[in-house]
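Report on one structure; see the data block that follows.
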Amino acid sequence: MLAKLANKLIDGIPFVRNMAAVQLHRKGILGMNRRNAQYISPNNARYLFPLVDDKLQTKKLAIENGVNVPTLLGVVDNQHDVSMLSELVGGLDSFCIKPAKGSGGKGILIIARREGDQFFRSNGQPISMSDIERHVSNILAGLFSLGGATDVAMMESLIVVEPEFKNYSYEGVPDIRVIVFRGVPVMAMMRLSCAASHGKANLHQGAVGVGIDMATGNAVNAVQRDKPVKYHPDTEQDLMQLNIPHWHQLLELACECADMTGLGYLGVDLVIDANMGPVLLELNARPGLSIQIANSAGLVPRLKAVEGLSRPERMSIKRRVEFAGKHFSAKPLL
Amino acid sequence: MVAAKRSRTPFYLLILVLVAAGVGLTWHRHVAFDVPWLPGEKKRIWSVEAKVEFTAVGDPVKLSLAVPQKQPGFEVLGEHTASPGYGLAFVDTPSGRRAEWSIRRATGKQTLYYRVDMLEKKFTGLNGDEHLVVPPPLATHTLGDGPHRTAAQNILQQARSRSADAYTLARELIQEFKIQPQSAQFLLQKQSRSRWLVELLAQAGVPAREVYVLDLEDGRRNQTLNTYLQVFDKQEYQLFDPRTGRQGRRDNQIMWEYQSGALLDLIGGRGSSVHFSILEQEVPITQLLQREQSVTPAFLDFSIHSLPLEEQTLFKSILLIPVGVLLVVFMRIFIGLKTSGTFMPVLIAIAFIQTSLVVGLVGFLLVLSIGLIIRSYLSKLNLLLVARISAVIISVIIIIASFSVLAFMIGLSEGLKITFFPMIILSWTIERMSILWEEEGPKQVLVQGGGSLFVALLAYGLMVNDVVRHITFNFIGLQLIFMALVLILGSYTGYRLFELRRFKPLLARDNTPSSDA
């Protein structure tokens, strides 16, 4: 009653009706304050955060629960072991080194190939063993971790880009971010790295975000730096042609990941490896809001729909994915 | 939705209680104590508290402290003492007015407070201050013997040849002490410079005496008196600073003692010291008239004004912090402005208040930029975090120390105030900004550093505002209202201002109203 009256009042005054805040609210756009106060704070228990903030813990959890992850090749957890790095690298041609507590893709070093003792990064830049060692000791000192706490370095096998996605990405592996709320996937996007983002898949670093239809896995919209784009800036690929294969399988994996953490509001980052198939990359207990811009849609109505369900966590994963496909599908593009 | 609302009822109730209590206390203070809402037309009152400390040895104690009297520029409004168990009397002696405390038996550490409220008045000549303009008898000028006498007479001769009257002679004598460092050094072995000056002037037939002067500055604690020289010429006198030779009384100086008596006389104790705390109050004229009435703390006088001055001066700035904090919360939640270190801007603003804006700004930028340069070198050493920050802290202290020395050498005594900066906080800021630089580039450092500085300047502007200072210091009930405001802000779930811009593209593309509306 009261809400209706308020709406009528707002509609009656053109100035108020046209205010950005009112229009964003009506479109169901989730803001930072509301995300923190109404979704993260009540649904994500603080003691669960380390599970997702520490990638090593996430990895262990995933392995325990039978979720595919990139193979862990080794862990360097103290400065003394840095000198043994060359043994650890051994005969590997490609690998990736990342800080366990890094955030936003910081400190991730990707070695794409090697010629004898000379290593090459994913962008073709040569890098020597001593450079790699220094990078690892920077990771240990906490240069990339939140708040500068000391950290450990993880060495992982490299993801092989699915041939289907080759043209959609420049220098990096495209990953799929799914927001899972109380066990139900509510919104998804694919993040494509490009020259402007230096091979990183983070939207605020300039990567392209492509909103994905929850029912079909088709692209619905694409943005770069919050501006709409049609083609990939480096490969000229038509982004609207993007379709993610085995979409339902992927959403089910996202649900499994959310279930194993116990977190109620979660960002799940998945990749499709050419050999292993869908793989969990990392989890995020404070997923960003840009996914709404990539999808050109607000999160609030979808989150509300999930809140309307009784005990969504108890539903089978299949039913949750079905629910998402049915209710959160983008309207057909005009 | 309904369930959520119900669970918040106690929260709103709490806010209501806080606001009610805050408004009530504030209103009570306004009505019962006649504290005006706005600073308005005011007279300036300097409250000076002398804190006398000594150790009693178990014998009867008699202690007498020189207390200030009416003098040009100031009028004594009221005096209060706090000295449990002591007998107290104010006596007029040939060497001025004194407060005398006595007790039959006391042991251990003793603290006595004497507080005087001085009303600042326009300087209107010397009339009416007879006791001040009566020249003291000429000092007995022994001038010592042998070498001291020779050196002293030499100085007097030099000065006299360059002077025309009493004042110029005093000035030239002080000058002479400065340009003949060896002679001065030699003479000072015998007695203090001001004592020498009095005797030398007496030698030349000019009456003069030593007076104890207190510099008044709001919020200062642990101050001591400075010895000045009062030089007489017929029915007039002038004050001289025996160190610099500066002539005349500054507006914010009072003569605490000027009859050549001792500041403190103590029988039955040892290890005595006197320290002064100073608080400036702006009081409306109407209130001034009633001021003489009851000073006993009333029931519900829930104000910090019942505390000793020393604590009051502390609270004067502490009570401003919530204003800054409120601003930071507002900027975060409503605007979405990024600052490095959540409450760092407030601390910087407090430092700015202590240092004055220009010195503070220059110092802040200097420390930050030099610190960043040093930190960029440290990052190459692959140090562990705690060691790295410790190194930054030490660098910051070195920078601040050298800045102070440099400023002092080029004659900027203002520069000394840079030591008010919160050094540990500054070091963390440098550390954070340098990580930001490495991770996100210099642009982000400028954005966040600029954001912090902007908020700090805003907070500074608020905290030096007369009205804000007046109401936070006088109405402690406001703190409860601040608390309620912060709680309300904390439950705001609407958009931040910057988000409106960020999500704008979402509105531009489709104009079809969504079905959820």
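Chain labels follow the order of the structure tokens: the first chain is A, the next B, and so on; residue numbering restarts at 1 in every chain, and ligands are counted from 1 in their shown order.
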Please identify all polymer residues within 7 Å of Lys230 (chain A), counting only C-alpha atoms, omitting same-chain residues fewer than 2 positions from it, and present them as a PyMOL selection string. chain A and resi 222+228+232+238-240
Writer output for current selection, N, CA and C atoms, as a PDB file, in the first residue's frame:
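What landed in selection31.pdb:
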```
ATOM      1  N   ALA A 222      27.602  -6.716 -24.340  1.00  0.00           N
ATOM      2  CA  ALA A 222      29.037  -6.693 -24.022  1.00  0.00           C
ATOM      3  C   ALA A 222      29.478  -5.274 -23.733  1.00  0.00           C
ATOM      4  N   PRO A 228      29.293   0.118 -24.048  1.00  0.00           N
ATOM      5  CA  PRO A 228      28.920  -1.042 -24.861  1.00  0.00           C
ATOM      6  C   PRO A 228      29.885  -1.255 -26.039  1.00  0.00           C
ATOM      7  N   HIS A 232      35.303  -7.666 -30.374  1.00  0.00           N
ATOM      8  CA  HIS A 232      36.483  -7.694 -29.513  1.00  0.00           C
ATOM      9  C   HIS A 232      37.513  -6.694 -30.046  1.00  0.00           C
ATOM     10  N   ASP A 238      32.992 -10.913 -33.523  1.00  0.00           N
ATOM     11  CA  ASP A 238      31.656 -10.437 -33.144  1.00  0.00           C
ATOM     12  C   ASP A 238      31.284 -11.085 -31.812  1.00  0.00           C
ATOM     13  N   LEU A 239      31.167 -10.250 -30.784  1.00  0.00           N
ATOM     14  CA  LEU A 239      30.957 -10.789 -29.434  1.00  0.00           C
ATOM     15  C   LEU A 239      29.578 -11.404 -29.260  1.00  0.00           C
ATOM     16  N   MET A 240      28.618 -10.962 -30.093  1.00  0.00           N
ATOM     17  CA  MET A 240      27.251 -11.462 -29.923  1.00  0.00           C
ATOM     18  C   MET A 240      27.103 -12.900 -30.413  1.00  0.00           C
TER      19      MET A 240
END
```
Please list as a list of chain:residue names every residue within 6 Å of Asn221 (chain A), counting only C-alpha atoms and excluding residues in the same chain fewer than 2 positions away.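 Contacts, with the query itself left out: A:Val210, A:Gly211, A:Ala219, A:Asn295.
Remark: for chain A, the closest of the candidate residues B:Gly146, B:Pro322, B:Gly336, B:Gly219 is B:Gly336 (distances computed over only C-alpha atoms).
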Go through B:Gln444, B:Ser47, B:Ser402, B:Gln158 one by one, measure the shortest atom-to-atom distance of each to chain A using only C-alpha atoms, and give the residue with the smallest value.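 Using only C-alpha atoms, the shortest distance to chain A belongs to B:Gln444.
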Output as a PyMOL selection string the set of chain A residues within 8 Å of chain B, with distances taken over only C-alpha atoms. chain A and resi 20-21+23-24+26-28+31-35+37-38+106+137-138+141-144+148-150+226-227+293+296-297+301
Mind checking which residues fall within 6 Å of region 227-232 of chain B, counting only C-alpha atoms, ignoring those fewer than 3 positions away in the same chain, and posting them as a tab-separated table (two decimals) with all heavy atoms, in the first residue's frame?
```tsv
chain	number	residue	atom	x	y	z
B	207	PRO	N	65.69	52.12	36.64
B	207	PRO	CA	65.01	51.06	37.39
B	207	PRO	C	64.46	49.98	36.45
B	207	PRO	O	63.91	50.31	35.39
B	207	PRO	CB	63.86	51.79	38.10
B	207	PRO	CG	63.83	53.16	37.54
B	207	PRO	CD	64.93	53.37	36.57
B	208	ALA	N	64.64	48.77	36.85
B	208	ALA	CA	64.14	47.64	36.05
B	208	ALA	C	63.95	46.45	36.97
B	208	ALA	O	64.49	46.43	38.08
B	208	ALA	CB	65.13	47.29	34.94
B	209	ARG	N	63.14	45.49	36.52
B	209	ARG	CA	63.00	44.27	37.32
B	209	ARG	C	62.65	43.09	36.41
B	209	ARG	O	62.25	43.27	35.25
B	209	ARG	CB	61.94	44.46	38.39
B	209	ARG	CG	60.55	44.68	37.84
B	209	ARG	CD	59.58	44.94	38.98
B	209	ARG	NE	58.30	45.41	38.47
B	209	ARG	CZ	57.42	46.08	39.20
B	209	ARG	NH1	57.69	46.39	40.46
B	209	ARG	NH2	56.26	46.45	38.69
B	210	GLU	N	62.82	41.92	36.98
B	210	GLU	CA	62.46	40.71	36.25
B	210	GLU	C	60.99	40.43	36.49
B	210	GLU	O	60.51	40.53	37.60
B	210	GLU	CB	63.28	39.52	36.75
B	210	GLU	CG	64.75	39.58	36.41
B	210	GLU	CD	65.50	38.47	37.11
B	210	GLU	OE1	65.80	38.63	38.30
B	210	GLU	OE2	65.78	37.44	36.47
B	211	VAL	N	60.28	40.06	35.41
B	211	VAL	CA	58.88	39.66	35.58
B	211	VAL	C	58.70	38.30	34.91
B	211	VAL	O	59.42	37.94	33.97
B	211	VAL	CB	57.92	40.68	34.94
B	211	VAL	CG1	57.98	41.99	35.68
B	211	VAL	CG2	58.22	40.89	33.47
B	212	TYR	N	57.73	37.56	35.43
B	212	TYR	CA	57.42	36.25	34.84
B	212	TYR	C	56.22	36.38	33.92
B	212	TYR	O	55.15	36.82	34.34
B	212	TYR	CB	57.12	35.22	35.93
B	212	TYR	CG	58.31	34.89	36.77
B	212	TYR	CD1	58.32	35.18	38.14
B	212	TYR	CD2	59.43	34.29	36.20
B	212	TYR	CE1	59.42	34.87	38.91
B	212	TYR	CE2	60.54	33.98	36.97
B	212	TYR	CZ	60.54	34.26	38.33
B	212	TYR	OH	61.61	33.96	39.08
B	236	GLU	N	56.31	55.38	32.90
B	236	GLU	CA	55.98	54.36	31.91
B	236	GLU	C	56.92	53.18	32.04
B	236	GLU	O	57.95	53.28	32.70
B	236	GLU	CB	56.13	54.94	30.50
B	236	GLU	CG	55.01	55.88	30.11
B	236	GLU	CD	55.17	56.29	28.67
B	236	GLU	OE1	56.29	56.15	28.13
B	236	GLU	OE2	54.18	56.72	28.08
B	237	TYR	N	56.54	52.12	31.40
B	237	TYR	CA	57.48	50.98	31.37
B	237	TYR	C	57.34	50.24	30.05
B	237	TYR	O	56.37	50.41	29.32
B	237	TYR	CB	57.23	50.04	32.54
B	237	TYR	CG	55.97	49.22	32.40
B	237	TYR	CD1	56.01	48.01	31.72
B	237	TYR	CD2	54.75	49.67	32.92
B	237	TYR	CE1	54.86	47.27	31.57
B	237	TYR	CE2	53.61	48.94	32.76
B	237	TYR	CZ	53.65	47.73	32.08
B	237	TYR	OH	52.53	47.00	31.92
B	238	GLN	N	58.32	49.43	29.77
B	238	GLN	CA	58.29	48.58	28.59
B	238	GLN	C	58.79	47.20	28.98
B	238	GLN	O	59.64	47.07	29.86
B	238	GLN	CB	59.22	49.14	27.49
B	238	GLN	CG	58.64	50.28	26.68
B	238	GLN	CD	57.55	49.84	25.71
B	238	GLN	OE1	57.43	48.66	25.43
B	238	GLN	NE2	56.77	50.79	25.22
B	239	LEU	N	58.25	46.18	28.30
B	239	LEU	CA	58.75	44.82	28.51
B	239	LEU	C	59.79	44.48	27.46
B	239	LEU	O	59.66	44.88	26.29
B	239	LEU	CB	57.61	43.81	28.40
B	239	LEU	CG	56.69	43.64	29.60
B	239	LEU	CD1	55.71	42.50	29.31
B	239	LEU	CD2	57.47	43.35	30.85
B	240	PHE	N	60.83	43.78	27.88
B	240	PHE	CA	61.84	43.32	26.92
B	240	PHE	C	62.03	41.83	27.10
B	240	PHE	O	62.04	41.32	28.21
B	240	PHE	CB	63.20	44.01	27.17
B	240	PHE	CG	63.20	45.45	26.76
B	240	PHE	CD1	62.77	46.43	27.64
B	240	PHE	CD2	63.65	45.81	25.51
B	240	PHE	CE1	62.78	47.76	27.26
B	240	PHE	CE2	63.65	47.14	25.12
B	240	PHE	CZ	63.22	48.12	25.99
B	241	ASP	N	62.15	41.16	25.95
B	241	ASP	CA	62.52	39.75	26.00
B	241	ASP	C	64.03	39.68	26.08
B	241	ASP	O	64.72	40.09	25.15
B	241	ASP	CB	62.03	39.05	24.71
B	241	ASP	CG	62.27	37.55	24.76
B	241	ASP	OD1	63.11	37.12	25.57
B	241	ASP	OD2	61.62	36.83	23.99
```
Any chance you could list, as number ranges by chain, the residues in region 1-136 of chain B that come up strand (DSSP E) when DSSP is run on the backbone? B: 42-57, 61-66, 74-82, 87-93, 96-103, 107-120
Restrict the selected residues to C-alpha atoms and save them as a compact mmCIF listing (two decimals), in the first residue's frame.
```txt
# COMPACT_ATOMS: atom_id res chain seq x y z
CA LYS B 42 31.70 37.45 22.74
CA LYS B 43 34.44 38.42 25.08
CA ARG B 44 37.51 36.33 25.23
CA ILE B 45 38.35 34.73 28.55
CA TRP B 46 41.64 33.01 29.15
CA SER B 47 41.46 30.35 31.79
CA VAL B 48 44.88 29.58 33.13
CA GLU B 49 45.44 26.73 35.48
CA ALA B 50 48.62 26.43 37.51
CA LYS B 51 49.31 22.92 38.64
CA VAL B 52 51.72 22.83 41.58
CA GLU B 53 53.33 19.52 42.31
CA PHE B 54 55.71 18.63 45.10
CA THR B 55 56.60 15.85 47.47
CA ALA B 56 55.68 16.41 51.11
CA VAL B 57 57.96 14.90 53.70
CA VAL B 61 53.56 22.35 54.73
CA LYS B 62 53.34 25.99 53.82
CA LEU B 63 53.28 26.90 50.20
CA SER B 64 52.84 30.26 48.61
CA LEU B 65 52.34 30.83 44.92
CA ALA B 66 52.47 34.18 43.16
CA PHE B 74 43.54 41.80 31.31
CA GLU B 75 41.15 41.79 34.20
CA VAL B 76 40.84 39.02 36.74
CA LEU B 77 37.32 37.58 36.54
CA GLY B 78 37.51 34.82 39.04
CA GLU B 79 39.80 32.45 40.84
CA HIS B 80 39.32 28.85 41.83
CA THR B 81 41.51 26.43 43.67
CA ALA B 82 41.44 22.72 44.18
CA GLY B 87 43.89 25.72 54.25
CA LEU B 88 43.97 28.55 51.77
CA ALA B 89 44.28 32.31 51.92
CA PHE B 90 45.02 35.04 49.44
CA VAL B 91 47.39 37.59 50.90
CA ASP B 92 48.75 40.84 49.61
CA THR B 93 52.41 41.07 50.34
CA GLY B 96 52.52 41.10 45.14
CA ARG B 97 49.43 39.01 45.63
CA ARG B 98 50.00 35.40 46.64
CA ALA B 99 47.96 32.27 47.28
CA GLU B 100 49.02 30.56 50.48
CA TRP B 101 48.24 26.93 51.19
CA SER B 102 48.91 25.27 54.50
CA ILE B 103 48.40 21.90 56.11
CA THR B 107 53.27 12.99 52.96
CA GLY B 108 53.92 11.84 49.43
CA LYS B 109 53.11 13.46 46.15
CA GLN B 110 50.87 16.51 46.40
CA THR B 111 49.04 18.31 43.61
CA LEU B 112 47.44 21.70 44.08
CA TYR B 113 45.50 23.58 41.45
CA TYR B 114 45.05 27.28 41.11
CA ARG B 115 42.94 28.59 38.28
CA VAL B 116 42.33 32.14 37.21
CA ASP B 117 39.98 33.46 34.54
CA MET B 118 41.32 36.56 32.88
CA LEU B 119 39.06 38.69 30.75
CA GLU B 120 40.83 40.10 27.75
```
Who sits within 8 Å of Gln448 (chain B), only C-alpha atoms, same chain under 2 positions skipped, as a list in words: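 Returned residues: Lys338, Thr339, Ser340, Gln444, Val445, Leu446, Gly450, Gly451 and Ser452 of chain B.
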Between CA of Gln237 (chain A) and CA of Ala294 (chain A), what is the spacing in Å? 17.1 Å
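Excluding Pro68 (chain B) itself and any same-chain residue fewer than 6 positions from it, the protein and nucleic acid residues within 8 Å of it, counting only C-alpha atoms, are Arg97, Met255, Trp256 and Glu257 of chain B.
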To one decimal in Å, tell me the separation between CA of Thr26 (chain B) and CA of Ile350 (chain B). 24.9 Å
Those of region 1-216 of chain B in DSSP alpha helix (DSSP H), formatted as a ChimeraX atom specification: /B:2-7,9-33,130-133,146-161,166-179,181-188,193-203
So, with only C-alpha atoms as the atoms that count, which of A:Pro245, A:Gly217, A:Gly104, A:Gly264 lies closest to His204 (chain A)?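 Of all the options, A:Gly104 lies closest to His204 (chain A).
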Using only C-alpha atoms, which residues sit within 9 Å of Thr168 (chain B) once same-chain residues fewer than 6 positions away are excluded, as a PDB file with N, CA and C atoms, in the first residue's frame?
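Everything below was put into result_10.pdb:
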```
ATOM      1  N   ALA B 159      77.154  49.523  25.391  1.00  0.00           N
ATOM      2  CA  ALA B 159      75.730  49.737  25.157  1.00  0.00           C
ATOM      3  C   ALA B 159      75.354  51.193  25.392  1.00  0.00           C
ATOM      4  N   ARG B 160      75.924  51.765  26.442  1.00  0.00           N
ATOM      5  CA  ARG B 160      75.556  53.128  26.788  1.00  0.00           C
ATOM      6  C   ARG B 160      75.940  54.096  25.679  1.00  0.00           C
ATOM      7  N   ARG B 162      75.833  53.617  22.631  1.00  0.00           N
ATOM      8  CA  ARG B 162      74.936  53.532  21.472  1.00  0.00           C
ATOM      9  C   ARG B 162      73.500  53.862  21.842  1.00  0.00           C
TER      10      ARG B 162
END
```
If you count only C-alpha atoms, which residues fall within 9 Å of Leu281 (chain A), apart from same-chain ones fewer than 6 positions away, as a compact mmCIF listing (two decimals) with all heavy atoms, in the first residue's frame?
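Below is the file result-v2.txt, written as the result:
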```txt
# COMPACT_ATOMS: atom_id res chain seq x y z
N LYS A 55 43.67 -19.04 -1.96
CA LYS A 55 43.42 -19.95 -3.11
C LYS A 55 43.88 -21.36 -2.84
O LYS A 55 43.35 -22.31 -3.41
CB LYS A 55 44.14 -19.40 -4.34
CG LYS A 55 43.52 -18.12 -4.86
CD LYS A 55 44.05 -17.78 -6.25
CE LYS A 55 43.56 -16.44 -6.70
NZ LYS A 55 44.48 -15.36 -6.33
N LYS A 59 41.52 -24.55 -3.23
CA LYS A 59 41.93 -25.69 -4.05
C LYS A 59 41.76 -27.01 -3.29
O LYS A 59 41.22 -27.98 -3.82
CB LYS A 59 43.39 -25.48 -4.46
CG LYS A 59 43.81 -26.30 -5.66
CD LYS A 59 45.20 -25.94 -6.07
CE LYS A 59 45.31 -25.03 -7.23
NZ LYS A 59 44.99 -25.39 -8.53
N VAL A 69 40.14 -28.65 -10.69
CA VAL A 69 40.90 -27.40 -10.58
C VAL A 69 42.19 -27.58 -11.39
O VAL A 69 42.60 -28.72 -11.64
CB VAL A 69 41.27 -27.11 -9.11
CG1 VAL A 69 40.09 -26.57 -8.34
CG2 VAL A 69 41.83 -28.33 -8.42
N PRO A 70 42.85 -26.49 -11.77
CA PRO A 70 44.14 -26.63 -12.44
C PRO A 70 45.10 -27.40 -11.54
O PRO A 70 45.09 -27.22 -10.33
CB PRO A 70 44.61 -25.19 -12.64
CG PRO A 70 43.37 -24.36 -12.57
CD PRO A 70 42.43 -25.08 -11.66
N ASP A 175 37.43 -16.21 -18.71
CA ASP A 175 36.80 -16.96 -17.63
C ASP A 175 35.34 -16.57 -17.49
O ASP A 175 34.88 -15.59 -18.04
CB ASP A 175 37.57 -16.83 -16.31
CG ASP A 175 37.42 -15.46 -15.68
OD1 ASP A 175 36.85 -14.56 -16.34
OD2 ASP A 175 37.88 -15.28 -14.54
N VAL A 268 31.66 -17.08 -8.48
CA VAL A 268 32.42 -18.28 -8.84
C VAL A 268 33.08 -18.03 -10.20
O VAL A 268 32.40 -17.69 -11.17
CB VAL A 268 31.50 -19.52 -8.92
CG1 VAL A 268 32.31 -20.75 -9.28
CG2 VAL A 268 30.77 -19.73 -7.62
N ASP A 269 34.40 -18.18 -10.26
CA ASP A 269 35.10 -17.97 -11.53
C ASP A 269 35.49 -19.32 -12.11
O ASP A 269 36.27 -20.06 -11.51
CB ASP A 269 36.36 -17.11 -11.30
CG ASP A 269 36.01 -15.68 -10.92
OD1 ASP A 269 34.80 -15.35 -11.00
OD2 ASP A 269 36.91 -14.93 -10.53
N LEU A 270 34.95 -19.62 -13.28
CA LEU A 270 35.22 -20.90 -13.92
C LEU A 270 35.92 -20.68 -15.25
O LEU A 270 35.79 -19.61 -15.85
CB LEU A 270 33.89 -21.63 -14.19
CG LEU A 270 32.98 -21.85 -12.97
CD1 LEU A 270 31.61 -22.33 -13.44
CD2 LEU A 270 33.59 -22.85 -12.02
N VAL A 271 36.68 -21.68 -15.71
CA VAL A 271 37.23 -21.64 -17.07
C VAL A 271 36.97 -22.99 -17.71
O VAL A 271 36.77 -24.00 -17.03
CB VAL A 271 38.76 -21.38 -17.10
CG1 VAL A 271 39.06 -19.92 -16.90
CG2 VAL A 271 39.48 -22.22 -16.10
```
